[in-house]
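Engineer: Structure file target.csv, CSV, C-alpha atoms and all ligand atoms, is pasted below:
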chain,number,residue,atom,x,y,z
A,78,MET,CA,119.6,118.7,34.4
A,79,LYS,CA,119.2,119.7,38.0
A,80,LYS,CA,115.8,121.1,38.9
A,81,GLU,CA,115.7,124.5,40.5
A,82,ASP,CA,114.9,123.3,44.1
A,83,GLU,CA,117.3,120.3,44.0
A,84,VAL,CA,120.4,120.6,46.2
A,85,LEU,CA,123.5,118.6,46.9
A,86,PRO,CA,125.3,118.4,50.2
A,87,GLY,CA,127.0,121.8,50.9
A,88,ASP,CA,124.8,123.7,48.4
A,89,TYR,CA,123.8,127.3,49.4
A,90,ILE,CA,120.1,127.7,50.2
A,91,ALA,CA,119.5,131.1,51.7
A,92,PRO,CA,121.1,133.8,53.9
A,93,LYS,CA,120.5,133.2,57.7
A,94,GLU,CA,118.6,136.4,58.0
A,95,ALA,CA,115.9,135.1,55.6
A,96,PHE,CA,115.5,131.5,56.9
A,97,LEU,CA,116.4,129.5,60.0
A,98,PRO,CA,118.4,126.3,59.2
A,99,GLY,CA,115.8,123.5,59.5
A,100,PHE,CA,115.8,119.8,58.9
A,101,GLY,CA,118.5,118.6,56.5
A,102,THR,CA,120.4,121.9,56.6
A,103,TYR,CA,123.2,123.6,58.6
A,104,GLU,CA,124.4,127.1,59.0
A,105,LYS,CA,127.9,128.3,58.2
A,106,LYS,CA,129.2,131.8,58.1
A,107,GLY,CA,125.7,133.3,58.0
A,108,GLU,CA,124.5,131.0,55.2
A,109,VAL,CA,122.0,128.2,55.3
A,110,ARG,CA,123.4,125.2,53.4
A,111,SER,CA,122.1,121.7,52.6
A,112,CYS,CA,123.6,118.7,54.4
A,113,SER,CA,122.0,116.2,52.0
A,114,THR,CA,120.8,115.6,48.5
A,115,GLY,CA,117.1,116.5,48.1
A,116,ASN,CA,114.6,119.2,47.5
A,117,VAL,CA,114.5,122.5,49.3
A,118,LYS,CA,111.3,123.4,51.0
A,119,LYS,CA,110.9,126.9,52.5
A,120,ASP,CA,108.4,127.3,55.4
A,121,MET,CA,107.4,130.9,55.0
A,122,LYS,CA,105.4,130.9,58.2
A,123,ARG,CA,108.2,129.8,60.5
A,124,ARG,CA,110.9,131.2,58.3
A,125,LYS,CA,112.6,127.9,58.1
A,126,ALA,CA,114.4,126.2,55.2
A,127,LYS,CA,114.6,122.4,55.1
A,128,VAL,CA,115.8,119.7,52.6
A,129,MET,CA,113.6,116.7,52.0
A,130,CYS,CA,115.0,113.5,50.6
A,131,LYS,CA,113.7,110.1,49.5
A,132,PRO,CA,113.5,107.4,52.1
A,133,GLN,CA,116.7,105.4,52.5
A,134,ILE,CA,115.9,103.0,55.2
A,135,PRO,CA,117.7,99.7,55.2
A,136,LYS,CA,115.0,97.1,55.2
A,137,MET,CA,116.4,94.7,57.8
A,138,GLN,CA,116.9,97.1,60.7
A,139,ARG,CA,114.1,99.6,60.5
A,140,LYS,CA,111.6,98.4,63.1
A,141,GLY,CA,112.4,99.1,66.7
A,142,LEU,CA,115.0,101.7,65.8
A,143,ILE,CA,115.2,104.7,68.1
A,144,VAL,CA,115.1,107.9,66.2
A,145,GLU,CA,114.9,111.6,67.0
A,146,GLY,CA,113.0,114.3,65.1
A,147,GLU,CA,111.2,117.6,65.1
A,148,VAL,CA,107.4,117.7,65.3
A,149,ASP,CA,106.2,119.4,62.2
A,150,LYS,CA,102.5,119.7,62.8
A,151,VAL,CA,99.9,118.2,65.1
A,152,THR,CA,96.2,117.3,64.8
A,153,ASP,CA,94.0,115.6,67.3
A,154,SER,CA,94.7,112.2,65.9
A,155,VAL,CA,98.3,112.4,64.6
A,156,ALA,CA,101.6,114.3,64.8
A,157,PHE,CA,103.8,114.7,61.7
A,158,VAL,CA,107.5,114.4,62.3
A,159,ASP,CA,110.7,115.4,60.5
A,160,LEU,CA,113.2,112.8,61.5
A,161,PHE,CA,116.9,113.7,62.1
A,162,THR,CA,119.6,111.5,60.8
A,163,ALA,CA,119.5,108.4,63.1
A,164,ARG,CA,122.4,108.0,65.5
A,165,SER,CA,123.3,104.4,64.5
A,166,LYS,CA,126.3,104.2,62.2
A,167,SER,CA,126.0,104.5,58.5
A,168,PHE,CA,122.3,104.9,58.9
A,169,ARG,CA,120.6,107.8,57.4
A,170,TYR,CA,116.9,108.1,57.0
A,171,VAL,CA,115.3,111.2,55.6
A,172,PRO,CA,111.6,110.8,54.9
A,173,ARG,CA,109.4,112.7,52.6
A,174,ASP,CA,106.9,115.3,53.8
A,175,ASN,CA,103.9,114.1,55.9
A,176,SER,CA,105.1,110.5,55.6
A,177,THR,CA,106.3,110.1,59.2
A,178,VAL,CA,103.5,109.9,61.7
A,179,LEU,CA,102.9,109.4,65.4
A,180,ARG,CA,99.3,108.3,65.9
A,181,VAL,CA,97.5,109.3,69.1
A,182,ARG,CA,97.2,105.6,70.3
A,183,ASP,CA,101.0,105.1,70.0
A,184,ILE,CA,101.8,108.0,72.3
A,185,SER,CA,101.5,106.5,75.8
A,186,ASP,CA,100.2,103.6,77.8
A,187,ASN,CA,97.8,106.1,79.4
A,188,TYR,CA,94.9,107.3,77.4
A,189,THR,CA,95.7,110.4,75.3
A,190,GLU,CA,92.7,112.3,74.1
A,191,SER,CA,94.5,114.4,71.5
A,192,ALA,CA,98.0,114.3,70.1
A,193,ARG,CA,98.0,118.0,70.9
A,194,ASP,CA,98.1,117.1,74.6
A,195,ALA,CA,101.4,115.3,74.0
A,196,MET,CA,103.3,117.1,71.2
A,197,ARG,CA,103.5,120.6,69.7
A,198,ALA,CA,105.0,121.9,66.4
A,199,GLY,CA,108.7,122.6,66.9
A,200,ASP,CA,109.2,120.2,69.8
A,201,ILE,CA,112.2,117.8,69.6
A,202,ALA,CA,111.3,114.2,70.5
A,203,ARG,CA,112.7,110.7,70.6
A,204,PHE,CA,110.6,107.9,69.0
A,205,LYS,CA,110.7,104.2,68.2
A,206,VAL,CA,109.9,103.1,64.7
A,207,VAL,CA,106.9,100.8,65.2
A,208,ASP,CA,106.0,100.1,61.6
A,209,ILE,CA,106.7,101.0,58.0
A,210,THR,CA,103.8,100.9,55.6
A,211,GLY,CA,104.5,101.7,51.9
A,212,ASP,CA,106.1,105.1,52.0
A,213,SER,CA,105.2,106.1,55.5
A,214,VAL,CA,106.9,105.5,58.8
A,215,VAL,CA,104.8,104.9,61.9
A,216,LEU,CA,106.4,106.1,65.2
A,217,GLY,CA,105.6,105.5,68.8
A,218,THR,CA,106.5,107.1,72.1
A,219,ILE,CA,105.3,104.4,74.6
A,220,GLY,CA,107.9,103.9,77.3
A,221,LYS,CA,109.8,106.1,79.8
A,222,LYS,CA,112.7,107.0,77.6
A,223,LEU,CA,110.6,108.0,74.6
A,224,GLY,CA,108.8,111.3,74.1
A,225,VAL,CA,109.6,115.0,74.0
A,226,ILE,CA,113.2,115.9,74.9
A,227,GLN,CA,112.9,119.6,74.2
A,228,ALA,CA,109.6,121.6,74.1
A,229,TYR,CA,109.0,125.2,73.4
A,230,CYS,CA,106.4,127.5,74.9
A,231,SER,CA,103.4,127.7,72.5
A,232,LYS,CA,102.9,131.4,73.6
A,233,CYS,CA,106.4,132.9,73.5
A,234,ARG,CA,108.6,130.0,72.0
A,235,HIS,CA,111.0,130.0,75.0
A,236,PRO,CA,112.4,126.5,75.9
A,237,LEU,CA,110.2,124.9,78.6
A,238,LYS,CA,111.7,123.8,81.9
A,239,LYS,CA,110.7,120.7,83.8
A,240,LYS,CA,109.5,121.5,87.3
A,241,ASN,CA,108.0,118.7,89.5
A,242,GLY,CA,107.2,116.7,86.4
A,243,LYS,CA,105.4,119.6,84.7
A,244,LEU,CA,106.6,121.9,82.0
A,245,VAL,CA,106.8,125.6,82.7
A,246,CYS,CA,107.9,128.5,80.6
A,247,PRO,CA,110.6,130.5,82.6
A,248,HIS,CA,109.7,133.6,80.5
A,249,CYS,CA,105.9,133.9,80.6
A,250,LYS,CA,105.1,131.2,83.3
A,251,ASN,CA,102.8,129.4,80.9
A,252,LYS,CA,102.3,125.7,82.0
A,253,GLU,CA,102.1,123.1,79.3
A,254,GLU,CA,101.5,119.4,78.9
A,255,ARG,CA,103.6,117.0,76.9
A,256,LYS,CA,104.5,113.3,76.7
A,257,ILE,CA,108.0,113.8,77.9
A,258,ALA,CA,111.0,111.4,78.0
A,259,SER,CA,112.4,110.7,81.4
A,260,ASP,CA,115.6,112.6,80.6
A,261,TYR,CA,113.8,115.7,79.4
A,262,GLY,CA,116.1,118.8,79.6
A,263,GLU,CA,119.2,116.8,80.6
B,301,ZN,ZN,106.3,131.4,77.4
Starting from the coordinates I provided, produce the structure as structure tokens.
Ligand SMILES: [Zn+2]

Structural biologist:
Amino acid sequence: MKKEDEVLPGDYIAPKEAFLPGFGTYEKKGEVRSCSTGNVKKDMKRRKAKVMCKPQIPKMQRKGLIVEGEVDKVTDSVAFVDLFTARSKSFRYVPRDNSTVLRVRDISDNYTESARDAMRAGDIARFKVVDITGDSVVLGTIGKKLGVIQAYCSKCRHPLKKKNGKLVCPHCKNKEERKIASDYGE
């Protein structure tokens, strides 16, 4: 028997008006649908629906892999990340909630006091898989090509633009700090 929140690829989740298509979902004809097998999770605060699945990482090729994902929440010591399907062929990795982390010491070669200075919830970033411990995946962003590739203003949610190496909101002129990738905004 299928449990109530379990979905298969293509299953209907919610109308677009009620929830934004989040991680593991897509939108078609005004409906949010699942693109994988897993459990639906609805984020009432951000009005976002996502589908969480069990880890399916091939054991041999996981470390060093470059992955992209959306920052879910950030504390001083860690950022939690929802990974997107990796770009390498036939490779799909969809972790469980709060199992994919970026620790503050793995953010940059330069000292980072708080993970909040480098990432914010909703940002899209590129990471390297540095370790897998039990069920959790440890990510890092040390290196020029790694880091945030799209950030959003924490005041008004507009996409931030890179200007002289700094991030500025074109809407409200708010200036923000991130650990950005060298190709940010390209
Ligand atoms: Zn703004």

Engineer: Pull the neighbourhood of (108.5, 131.8, 72.3) for me: all residues within 12 Å in file coordinates, counting only C-alpha atoms, as an MDAnalysis selection string.

Structural biologist: chainID A and resid 123 199:200 228:237 246:251

Engineer: Find, counting all atoms listed in the file, the residue in A:Glu83, A:Leu216, A:Lys205, A:Leu160 that gets nearest to Val181 of chain A.

Structural biologist: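 Distance minimum relative to Val181 of chain A lands on A:Leu216.
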
Engineer: Taking only C-alpha atoms into account, name the residue in A:Asp120, A:Glu147, A:Asp82, A:Asp260 that is nearest to Phe96 of chain A.

Structural biologist: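 Using only C-alpha atoms, Phe96 of chain A sits closest to A:Asp120.
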
Engineer: To one decimal in Å, tell me the separation between atom CA of Arg197 of chain A and atom CA of Ser213 of chain A.

Structural biologist: 20.4 Å

Engineer: Please identify all polymer residues within 6 Å of Gly101 of chain A, counting all atoms listed in the file, omitting same-chain residues fewer than 4 positions from it, and present them as a tab-separated table (two decimals) with C-alpha atoms, in the frame of the given file.

Structural biologist:
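And here is the file that came out, selection27.tsv:
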chain	number	residue	atom	x	y	z
A	112	CYS	CA	123.60	118.70	54.40
A	127	LYS	CA	114.60	122.40	55.10
A	128	VAL	CA	115.80	119.70	52.60
